[in-house]
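K.L.:
Handing you a structure now.
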Amino acid sequence: MQKTPSQAETNPEHESHHVVTAIRHHGKALQGFNETLYSANASNGEALVLFTTLNVFYTFAINKKPELDANDISRRRAILLGAEWIPMVRGVGTVLGTVFEHIRFGRLEKLFKINNWDSLDPDDMAASEYFDGIEVVWAQSQRDDIAMYELVLHLLKKCRMFMVQFQGARIDDIDDSNYNRQWAGPLVFIHCVPEQYFERLQQRQPPALVLFTFFGAMLNSLDHI
């Protein structure tokens, strides 16, 4: 069945109107969220986590057309490097940490399960050849940065290993799954990577950019699922 384009898709004026409306409603919702966050408890924990999750979708949607910022090169670069959406994704974990014990066995229980992520060992993965030689990029970096980049590479290998195991698998064959588990890998990766790495990424340090390029390639592969 062919999809009928909406007015927002065919008329830029309608799209602009809807964007303004979305921003206004988002602002109101964000105000309520901030007020409620200071009194997080068992009764509102699920709502807080769901809001932060929806906020991620909002951030992606509001920035879905970077060409609209074609004259603002610095903003386009910031969007491409995750300056807005990465903090939003990591923010879900921050909020979750405050209410997790209240809601871990509730209606959102399945969303917190990450299958066998913790037991995966990238050193046992033959596919790690995908990253062979990448370490040379940060060989001349400071000692602390080298350790940080090594950790990010380890997590990146783990993310790839996690995603590969679900390729071609029917959803019925994946234990306790009712959503696309391959997407869980990149999301867990974003939460596990140290903040120091994202600082280097926004500074456009070459090693950070190279690692992010590999991560972007893995995200792109999800478009073909």
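Chain labels follow the order of the structure tokens: the first chain is A, the next B, and so on; residue numbering restarts at 1 in every chain, and ligands are counted from 1 in their shown order.
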For stretch 21-26 of chain A, please output as a count of residues only all residues within 9 Å (counting only C-alpha atoms; exclusion window: fewer than 3 positions along the same chain).
P.N.:
9
K.L.:
Would you compute the distance between atom CA of A:Val152 and atom CA of A:Trp183? Give it in Å to one decimal.
P.N.:
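Calculated distance between atom CA of A:Val152 and atom CA of A:Trp183 is 18.1 Å.
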K.L.:
To one decimal place, how far is atom CA of A:Lys110 from atom CA of A:Leu219 in Å?
P.N.:
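One can read the atom CA of A:Lys110 to atom CA of A:Leu219 distance as 22.5 Å.
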K.L.:
Between atom CA of A:Ser141 and atom CA of A:Leu120, measure the distance and give it in Å to one decimal.
P.N.:
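We find that atom CA of A:Ser141 and atom CA of A:Leu120 lie 28.2 Å from each other.
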